[in-house]
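structure_35.txt, holding compact mmCIF, C-alpha atoms:
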# COMPACT_ATOMS: atom_id res chain seq x y z
CA MET A 13 109.83 86.84 124.62
CA ASP A 14 106.75 84.67 124.96
CA VAL A 15 104.44 84.20 122.00
CA SER A 16 101.55 85.48 124.14
CA THR A 17 103.43 88.75 124.71
CA LEU A 18 104.09 89.06 120.99
CA LYS A 19 100.41 88.46 120.24
CA THR A 20 99.35 91.11 122.77
CA LEU A 21 101.75 93.58 121.17
CA ASN A 22 100.65 92.84 117.61
CA GLU A 23 96.96 93.04 118.57
CA ALA A 24 97.58 96.52 119.96
CA ARG A 25 99.46 97.57 116.84
CA ARG A 26 96.71 96.25 114.55
CA ALA A 27 94.14 98.14 116.61
CA ARG A 28 96.18 101.38 116.32
CA ARG A 29 96.79 101.40 120.08
CA ALA A 30 100.06 102.82 121.44
CA ALA A 31 102.19 100.23 123.23
CA ILE A 32 105.70 99.78 124.56
CA LEU A 33 107.45 96.43 124.69
CA ALA A 34 109.70 96.53 127.76
CA THR A 35 112.45 93.90 127.65
CA GLY A 36 114.78 93.29 130.58
CA LEU A 37 118.20 93.01 128.97
CA ASP A 38 119.64 91.07 131.91
CA ASP A 39 116.78 88.63 132.50
CA GLY A 40 115.12 88.57 129.06
CA GLU A 41 111.67 89.21 130.55
CA SER A 42 109.25 91.09 128.33
CA ARG A 43 105.97 92.81 128.99
CA VAL A 44 103.66 95.08 127.03
CA LEU A 45 102.85 98.49 128.56
CA PHE A 46 100.00 100.77 127.54
CA GLU A 47 99.40 104.49 127.99
CA GLY A 48 97.45 105.03 131.19
CA ASP A 49 98.91 101.81 132.62
CA VAL A 50 102.46 102.89 133.36
CA PRO A 51 104.56 101.29 136.14
CA PRO A 52 105.61 103.46 139.10
CA GLY A 53 109.11 104.75 139.81
CA GLU A 54 112.07 105.40 137.53
CA LEU A 55 110.89 102.98 134.88
CA GLY A 56 107.52 104.75 134.71
CA GLU A 57 109.20 108.11 134.08
CA HIS A 58 111.21 106.64 131.22
CA VAL A 59 108.08 104.97 129.84
CA LEU A 60 106.06 108.20 129.89
CA LYS A 61 108.83 110.04 128.09
CA ALA A 62 109.13 107.27 125.52
CA PHE A 63 105.38 107.38 124.82
CA ARG A 64 105.65 111.13 124.31
CA THR A 65 108.71 111.17 122.05
CA GLY A 66 108.06 107.88 120.27
CA ASN A 67 111.78 107.08 120.50
CA SER A 68 112.84 103.55 121.46
CA LEU A 69 115.79 103.36 123.84
CA ALA A 70 117.62 101.35 126.50
CA VAL A 71 117.24 102.73 130.03
CA GLU A 72 118.51 101.99 133.53
CA ALA A 73 115.75 101.86 136.11
CA GLU A 74 115.67 100.40 139.60
CA GLY A 75 119.04 98.77 138.90
CA ARG A 76 117.81 96.95 135.77
CA ARG A 77 118.68 97.57 132.14
CA VAL A 78 115.46 97.67 130.16
CA PHE A 79 114.91 98.23 126.45
CA LEU A 80 111.76 100.20 125.68
CA ASN A 81 110.54 99.58 122.14
CA VAL A 82 107.86 102.15 121.38
CA HIS A 83 105.09 101.30 118.95
CA LEU A 84 102.95 104.33 118.18
CA PRO A 85 100.28 104.25 115.48
CA ARG A 86 101.13 106.54 112.61
CA PRO A 87 99.44 109.89 113.16
CA ARG A 88 97.10 110.85 110.36
CA LEU A 89 95.16 113.93 109.46
CA VAL A 90 91.57 113.91 108.28
CA VAL A 91 90.45 117.18 106.71
CA ILE A 92 86.75 117.91 106.33
CA GLY A 93 86.51 120.17 103.30
CA ALA A 94 88.17 120.08 99.88
CA VAL A 95 88.83 123.80 99.98
CA HIS A 96 91.69 126.15 99.11
CA ILE A 97 93.36 125.68 102.53
CA SER A 98 93.26 121.90 102.07
CA GLN A 99 94.99 122.19 98.71
CA ALA A 100 97.94 123.84 100.45
CA LEU A 101 97.77 121.58 103.49
CA ALA A 102 97.89 118.30 101.57
CA PRO A 103 101.47 118.56 100.23
CA MET A 104 102.75 120.18 103.45
CA ALA A 105 101.31 117.40 105.61
CA ARG A 106 102.83 114.76 103.36
CA VAL A 107 106.28 116.33 103.69
CA ALA A 108 105.90 116.55 107.48
CA GLY A 109 105.02 112.83 107.69
CA TYR A 110 101.32 113.19 108.48
CA PRO A 111 99.36 111.28 105.83
CA LEU A 112 96.26 113.26 105.00
CA GLU A 113 92.87 112.46 103.59
CA ILE A 114 90.03 114.70 102.65
CA ILE A 115 86.30 114.25 103.07
CA ASP A 116 83.85 116.53 101.27
CA PRO A 117 80.50 115.48 99.79
CA ARG A 118 80.53 118.44 97.39
CA THR A 119 81.75 116.77 94.23
CA ALA A 120 82.61 120.11 92.63
CA PHE A 121 85.21 120.65 95.37
CA ALA A 122 86.46 117.10 95.88
CA THR A 123 87.99 116.47 92.47
CA PRO A 124 91.26 114.68 91.68
CA GLU A 125 92.22 117.66 89.51
CA ARG A 126 92.21 119.92 92.53
CA PHE A 127 93.79 117.26 94.77
CA PRO A 128 96.30 115.13 92.88
CA ASP A 129 97.86 112.30 94.90
CA VAL A 130 95.53 112.80 97.88
CA THR A 131 93.13 110.26 99.37
CA LEU A 132 89.83 111.91 98.59
CA HIS A 133 86.35 110.87 99.74
CA ALA A 134 83.60 112.72 97.83
CA GLU A 135 81.03 111.54 100.37
CA TRP A 136 79.41 112.71 103.60
CA PRO A 137 81.52 112.34 106.75
CA GLU A 138 78.74 110.15 108.18
CA THR A 139 79.35 107.62 105.41
CA VAL A 140 83.16 107.71 105.37
CA LEU A 141 83.67 107.66 109.14
CA ALA A 142 81.32 104.70 109.53
CA GLN A 143 83.70 102.69 107.33
CA HIS A 144 86.94 104.23 108.63
CA PRO A 145 86.48 105.21 112.27
CA LEU A 146 88.53 107.98 113.87
CA ASP A 147 90.88 107.22 116.76
CA GLY A 148 93.25 108.85 119.25
CA TYR A 149 96.07 109.03 116.69
CA THR A 150 93.98 110.92 114.18
CA ALA A 151 93.74 114.70 113.85
CA VAL A 152 90.57 116.23 112.44
CA ALA A 153 90.47 119.69 110.88
CA ALA A 154 87.04 120.88 109.79
CA VAL A 155 87.35 123.68 107.27
CA THR A 156 84.18 123.73 105.15
CA HIS A 157 82.44 126.56 107.05
CA ASP A 158 79.27 124.51 106.53
CA PRO A 159 77.68 123.09 109.70
CA LYS A 160 75.88 120.42 107.66
CA ILE A 161 79.27 118.95 106.78
CA ASP A 162 81.53 119.96 109.71
CA ASP A 163 79.36 119.33 112.77
CA PHE A 164 78.98 115.57 112.51
CA ALA A 165 82.72 115.12 111.96
CA LEU A 166 83.60 117.38 114.91
CA LYS A 167 81.29 115.46 117.23
CA ALA A 168 82.74 112.16 115.98
CA ALA A 169 86.28 113.48 116.53
CA LEU A 170 85.50 114.44 120.12
CA ASP A 171 83.83 111.07 120.76
CA ALA A 172 86.84 109.20 119.34
CA GLY A 173 89.35 111.19 121.43
CA CYS A 174 91.21 112.49 118.37
CA PHE A 175 94.48 114.07 119.49
CA TYR A 176 93.61 117.23 117.60
CA VAL A 177 90.25 118.73 116.69
CA GLY A 178 90.28 122.06 114.90
CA ALA A 179 87.51 124.06 113.26
CA LEU A 180 87.72 126.99 110.89
CA GLY A 181 85.61 130.03 111.65
CA SER A 182 85.51 133.28 113.56
CA ARG A 183 84.79 133.45 117.28
CA ARG A 184 81.20 134.35 116.48
CA THR A 185 80.86 131.37 114.13
CA HIS A 186 82.39 129.15 116.78
CA ALA A 187 80.03 130.38 119.49
CA LYS A 188 77.09 129.17 117.39
CA ARG A 189 78.93 125.91 116.73
CA VAL A 190 79.41 125.38 120.47
CA GLU A 191 75.64 125.65 120.95
CA ARG A 192 74.96 123.14 118.17
CA LEU A 193 77.54 120.63 119.51
CA ALA A 194 76.10 120.96 123.01
CA ALA A 195 72.68 120.21 121.56
CA MET A 196 74.22 117.11 119.95
CA GLY A 197 75.29 115.95 123.42
CA ALA A 198 78.94 117.05 123.57
CA GLY A 199 80.14 118.02 127.05
CA GLU A 200 81.60 121.42 127.89
CA ASP A 201 85.09 119.99 128.49
CA GLU A 202 85.00 118.13 125.21
CA ILE A 203 83.91 121.17 123.26
CA ALA A 204 86.72 123.16 124.88
CA ARG A 205 89.19 120.82 123.17
CA ILE A 206 88.27 122.22 119.76
CA ARG A 207 90.91 124.62 118.45
CA ALA A 208 88.96 127.58 117.16
CA PRO A 209 89.83 129.83 115.52
CA ILE A 210 91.90 127.10 113.88
CA GLY A 211 95.71 127.16 113.72
CA LEU A 212 98.61 128.60 115.70
CA ASN A 213 98.46 132.37 116.02
CA ILE A 214 101.07 133.37 113.45
CA GLY A 215 98.97 136.06 111.82
CA ALA A 216 98.22 133.78 108.86
CA ALA A 217 96.45 135.65 106.07
CA THR A 218 96.49 133.45 102.95
CA PRO A 219 95.12 129.90 102.58
CA ALA A 220 98.69 128.56 102.47
CA GLU A 221 99.66 130.44 105.62
CA ILE A 222 96.57 129.13 107.39
CA ALA A 223 97.64 125.64 106.30
CA VAL A 224 101.04 126.21 107.95
CA ALA A 225 99.32 127.38 111.14
CA VAL A 226 97.07 124.31 111.17
CA LEU A 227 99.91 121.87 110.53
CA GLY A 228 102.02 123.48 113.27
CA GLU A 229 99.10 123.17 115.67
CA VAL A 230 98.58 119.50 114.73
CA ILE A 231 102.26 118.72 115.34
CA ALA A 232 102.25 120.53 118.70
CA ALA A 233 99.15 118.58 119.73
CA PHE A 234 100.65 115.26 118.65
CA ARG A 235 103.92 115.79 120.49
CA SER A 236 102.14 116.63 123.74
CA ARG A 237 99.30 114.11 123.50
CA GLY A 238 97.49 113.35 126.74
CA LEU A 239 100.63 112.84 128.84
CA ALA A 240 102.03 114.55 131.92
CA GLY A 241 102.61 118.21 131.12
CA GLY A 242 100.85 117.92 127.78
CA GLU A 243 97.41 118.77 126.61
CA GLY A 244 94.69 116.88 124.79
CA ARG A 245 94.31 113.20 125.38
CA ALA A 246 95.51 110.09 123.70
CA SER A 247 92.66 107.64 123.88
CA MET B 19 93.31 104.74 104.70
CA ASP B 20 93.70 101.01 105.16
CA GLU B 21 97.37 100.89 104.32
CA MET B 22 98.00 103.50 106.99
CA ALA B 23 95.86 101.94 109.65
CA HIS B 24 97.09 98.35 109.52
CA LEU B 25 100.33 96.48 109.69
CA ASP B 26 102.02 95.28 106.56
CA GLU B 27 101.49 91.64 107.53
CA THR B 28 103.89 90.27 104.94
CA ARG B 29 106.84 92.55 105.77
CA ASP B 30 106.39 93.68 109.36
CA PRO B 31 108.93 91.58 111.32
CA LEU B 32 106.76 91.18 114.42
CA ALA B 33 103.75 90.13 112.34
CA VAL B 34 105.97 87.70 110.45
CA ALA B 35 107.34 86.32 113.73
CA GLU B 36 103.81 85.63 114.91
CA SER B 37 102.76 83.88 111.72
CA TRP B 38 105.95 81.81 111.50
CA ARG B 39 105.44 80.67 115.09
CA ALA B 40 101.82 79.77 114.30
CA GLU B 41 103.21 77.51 111.54
CA GLY B 42 105.27 75.75 114.21
CA ARG B 43 108.61 77.22 113.17
CA GLN B 44 111.37 78.05 115.67
CA VAL B 45 111.78 81.83 115.69
CA ALA B 46 114.46 84.18 117.00
CA LEU B 47 113.98 87.91 117.26
CA ALA B 48 116.87 90.37 116.92
CA THR B 49 116.40 93.97 118.06
CA VAL B 50 118.67 97.00 117.75
CA VAL B 51 118.81 98.22 121.36
CA GLU B 52 121.55 100.85 121.15
CA THR B 53 123.22 102.87 118.44
CA TRP B 54 126.20 105.22 118.40
CA GLY B 55 127.25 107.47 115.55
CA SER B 56 125.67 107.06 112.14
CA ALA B 57 123.83 103.77 112.51
CA PRO B 58 121.77 102.67 109.51
CA ARG B 59 118.68 101.53 111.44
CA PRO B 60 117.34 103.13 114.62
CA ALA B 61 116.92 101.47 118.02
CA GLY B 62 113.84 99.27 117.97
CA SER B 63 114.45 97.86 114.48
CA HIS B 64 113.88 94.12 114.16
CA LEU B 65 115.19 91.16 112.25
CA VAL B 66 113.25 87.93 112.65
CA ILE B 67 115.01 84.64 111.88
CA ASP B 68 113.86 81.01 111.73
CA ALA B 69 115.87 77.84 112.32
CA ASP B 70 116.53 77.43 108.59
CA GLY B 71 118.08 80.88 108.36
CA ASN B 72 115.12 82.56 106.68
CA PHE B 73 114.86 86.15 107.80
CA GLN B 74 112.66 89.23 107.47
CA GLY B 75 113.31 92.85 108.48
CA SER B 76 116.65 94.54 109.11
CA VAL B 77 118.98 95.71 111.86
CA SER B 78 121.43 97.46 109.53
CA GLY B 79 121.65 98.32 105.87
CA GLY B 80 122.56 94.71 105.13
CA CYS B 81 126.06 94.90 106.64
CA VAL B 82 125.61 92.61 109.65
CA GLU B 83 122.42 90.65 108.95
CA GLY B 84 124.44 87.57 107.93
CA ALA B 85 126.26 87.51 111.25
CA VAL B 86 123.04 88.04 113.19
CA VAL B 87 121.40 85.12 111.36
CA THR B 88 124.36 82.90 112.32
CA GLU B 89 124.14 83.97 115.96
CA ALA B 90 120.37 83.43 115.92
CA ALA B 91 120.92 79.75 115.13
CA GLU B 92 122.99 79.48 118.34
CA VAL B 93 120.32 81.31 120.30
CA LEU B 94 117.67 78.88 119.03
CA ASP B 95 119.92 75.91 119.92
CA THR B 96 120.67 77.05 123.45
CA GLY B 97 117.38 78.87 124.12
CA LYS B 98 119.40 81.70 125.70
CA PRO B 99 119.34 85.33 124.57
CA ARG B 100 122.60 87.10 123.74
CA MET B 101 123.82 90.62 123.11
CA LEU B 102 125.85 91.34 119.97
CA GLU B 103 127.84 94.43 119.15
CA PHE B 104 128.93 95.56 115.73
CA GLY B 105 131.01 98.50 114.62
CA VAL B 106 134.32 99.64 113.27
CA ALA B 107 135.40 100.58 116.79
CA ASP B 108 135.20 96.94 117.81
CA GLU B 109 136.77 95.14 114.89
CA THR B 110 138.79 92.72 117.04
CA ALA B 111 135.60 91.20 118.38
CA TRP B 112 133.71 90.84 115.13
CA ARG B 113 134.68 90.07 111.58
CA VAL B 114 131.80 92.05 110.17
CA GLY B 115 131.28 95.72 110.77
CA LEU B 116 129.35 98.74 109.68
CA SER B 117 130.81 100.58 106.74
CA CYS B 118 129.11 103.77 107.87
CA GLY B 119 131.40 103.98 110.90
CA GLY B 120 128.60 103.66 113.44
CA ARG B 121 128.22 101.10 116.17
CA ILE B 122 125.15 99.11 117.15
CA ARG B 123 124.16 96.68 119.87
CA VAL B 124 121.72 93.94 118.89
CA TYR B 125 119.77 91.79 121.34
CA VAL B 126 118.89 88.34 120.02
CA GLU B 127 116.28 86.26 121.84
CA PRO B 128 114.25 83.13 121.17
CA LEU B 129 110.48 83.37 120.84
CA ASN B 130 109.18 80.91 123.42

Could you quickly redo this structure as structure tokens?
Amino acid sequence: MDVSTLKTLNEARRARRAAILATGLDDGESRVLFEGDVPPGELGEHVLKAFRTGNSLAVEAEGRRVFLNVHLPRPRLVVIGAVHISQALAPMARVAGYPLEIIDPRTAFATPERFPDVTLHAEWPETVLAQHPLDGYTAVAAVTHDPKIDDFALKAALDAGCFYVGALGSRRTHAKRVERLAAMGAGEDEIARIRAPIGLNIGAATPAEIAVAVLGEVIAAFRSRGLAGGEGRAS
Amino acid sequence: MDEMAHLDETRDPLAVAESWRAEGRQVALATVVETWGSAPRPAGSHLVIDADGNFQGSVSGGCVEGAVVTEAAEVLDTGKPRMLEFGVADETAWRVGLSCGGRIRVYVEPLN
């Protein structure tokens, strides 16, 4: 591999951009492939699948043996709202391998006592997201029920192409939210990406069950991100 | 959030390879490209090696790293990549093997 190829790959990884290093095992030639820039033919099919599954593997394509080394940014989950649902979601997300952090400016809610071992920002989303921008490998779940806190984060999540954007609230609550987001400049297609009511439809009744429904929905969205046959978008 | 968003520059093999190269060191990169059975590290795992035998990362649980480092010196000498295979099923070809009973194929290439 050339140093320039390695630098391109590492730059992508530092920028949390998905990339595949394709190495010809017979000729030693390496190149970096990005989502949305996939070669045609057999190799392209393997590359798309590898982006979707995240599994590195050796493939045969067009008579060549090629190793596809997949580098996906770690998916993470940003929860707006240090509420009861979030208390259940935090340990579940950790177990499932989705590091979670919580943003809630209400200091009575966002306390370390209520959220041990969780990255907690007792600040407005405007402040936190300016320092730590969202990206395509981040899921955002807004669960405060308070437009003053949720709306900015939802708009930011749509703008950043987050792979999952969910918002707690009834259909009636969401209808009003749609109007507010449209007034903030969000397009109809973008707004349609918001999962509301939040969570897979498993008849969840308790905060913990809603947390399961949300986590399941996040995982489903991540595994089908923006690729052929999937939904949502990756970048 | 930072530790999730960025590479661990001191331990990530590809980041280490880049910084070693920037220091002017000769660098070889070993990659697990295939696994069978219970292999300790998945395909895509890296070991990065310099001409003095310093290494970072892993391609197994420590079982075959020594042999890979030795082969890497050859790869740096000749400038030609090579494919190595380790496993109990292939003990005639290699003195070292995987105690777990799995089998792995490791591609070793120079960083040009």

So, counting all atoms listed in the file, which residue among A:Ala169, A:Met104, A:Leu132, A:Ala151 is closest to chain B?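 Among the listed residues, A:Leu132 lies closest to chain B.
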
Cut-off 7 Å: closest chain B/chain A atom pairs per residue, using only C-alpha atoms, as a tab-separated table:
residue	atom	partner	partner_atom	distance
B:Ala23	CA	A:Arg28	CA	6.7
B:His24	CA	A:Arg26	CA	5.5
B:Leu25	CA	A:Arg26	CA	6.1
B:Ala33	CA	A:Asn22	CA	6.7
B:Glu36	CA	A:Lys19	CA	6.9
B:Val51	CA	A:Ala70	CA	6.1
B:Glu52	CA	A:Ala70	CA	6.7
B:Ala61	CA	A:Ser68	CA	5.7
B:Gly62	CA	A:Asn81	CA	5.3
B:Pro99	CA	A:Gly40	CA	7.0
B:Pro128	CA	A:Met13	CA	6.7
B:Leu129	CA	A:Met13	CA	5.2
B:Asn130	CA	A:Asp14	CA	4.7

Report the distance between CA of Ile214 in chain A and CA of Leu227 in chain A in Å, rounded to one decimal place. 11.9 Å

Applying 12 Å and all atoms listed in the file, which residues near Ala198 in chain A remain after dropping the ones on its own chain fewer than 6 positions away? List them as a list in words.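 Near Ala198 in chain A, the qualifying residues are Asp163, Phe164, Leu166, Lys167, Ala168, Ala169, Leu170, Asp171, Ala172, Arg189, Val190, Glu191, Arg192, Ala204, Arg205 and Ile206 of chain A.
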
Tell me, in Å to one decimal, how far CA of Gln74 in chain B is from CA of Arg64 in chain A. 28.5 Å

To one decimal place, how far is CA of Thr150 in chain A from CA of Ser76 in chain B in Å?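 We find that CA of Thr150 in chain A and CA of Ser76 in chain B lie 28.4 Å from each other.
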
Of A:Glu125, A:Arg77, A:Phe175, A:Gly93, the one sitting nearest Ser236 in chain A when using only C-alpha atoms is A:Phe175

Which residues are near Ala48 in chain B? Cut-off 8 Å, all atoms listed in the file, ignore same chain within fewer than 6 positions. Put them as a list in words.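 Listed by chain and then number, they are His64, Leu65, Val66, Ile67, Val77, Val86, Ala90, Val124, Tyr125, Val126 and Glu127 of chain B.
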
Would you output that residue set with C-alpha atoms, as a compact mmCIF listing (two decimals), in the coordinates of the input?
# COMPACT_ATOMS: atom_id res chain seq x y z
CA HIS B 64 113.88 94.12 114.16
CA LEU B 65 115.19 91.16 112.25
CA VAL B 66 113.25 87.93 112.65
CA ILE B 67 115.01 84.64 111.88
CA VAL B 77 118.98 95.71 111.86
CA VAL B 86 123.04 88.04 113.19
CA ALA B 90 120.37 83.43 115.92
CA VAL B 124 121.72 93.94 118.89
CA TYR B 125 119.77 91.79 121.34
CA VAL B 126 118.89 88.34 120.02
CA GLU B 127 116.28 86.26 121.84

Minimum-distance residue to Ala153 in chain A, chosen among A:Glu221, A:Glu138, A:Glu47, A:Glu229 (using all atoms listed in the file):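 Checking each of A:Glu221, A:Glu138, A:Glu47, A:Glu229 against Ala153 in chain A, counting all atoms listed in the file, the winner is A:Glu229.
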
Skipping near chain neighbours, those fewer than 2 positions away, what residues fall within 6 Å of Glu135 in chain A using all atoms listed in the file, listed as number ranges by chain? A: 116-117, 133

Counting all atoms listed in the file, the residue of B:Arg100, B:Val87, B:Thr53, B:Gly79 that sits nearest Arg123 in chain B: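 Nearest candidate to Arg123 in chain B out of B:Arg100, B:Val87, B:Thr53, B:Gly79: B:Thr53.
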
Which polymer residues have any atom within 6 Å of an atom of range 177-186 of chain A, counting all atoms listed in the file, with same-chain residues fewer than 4 positions away left out, as an MDAnalysis selection string? chainID A and resid 152:155 206:210
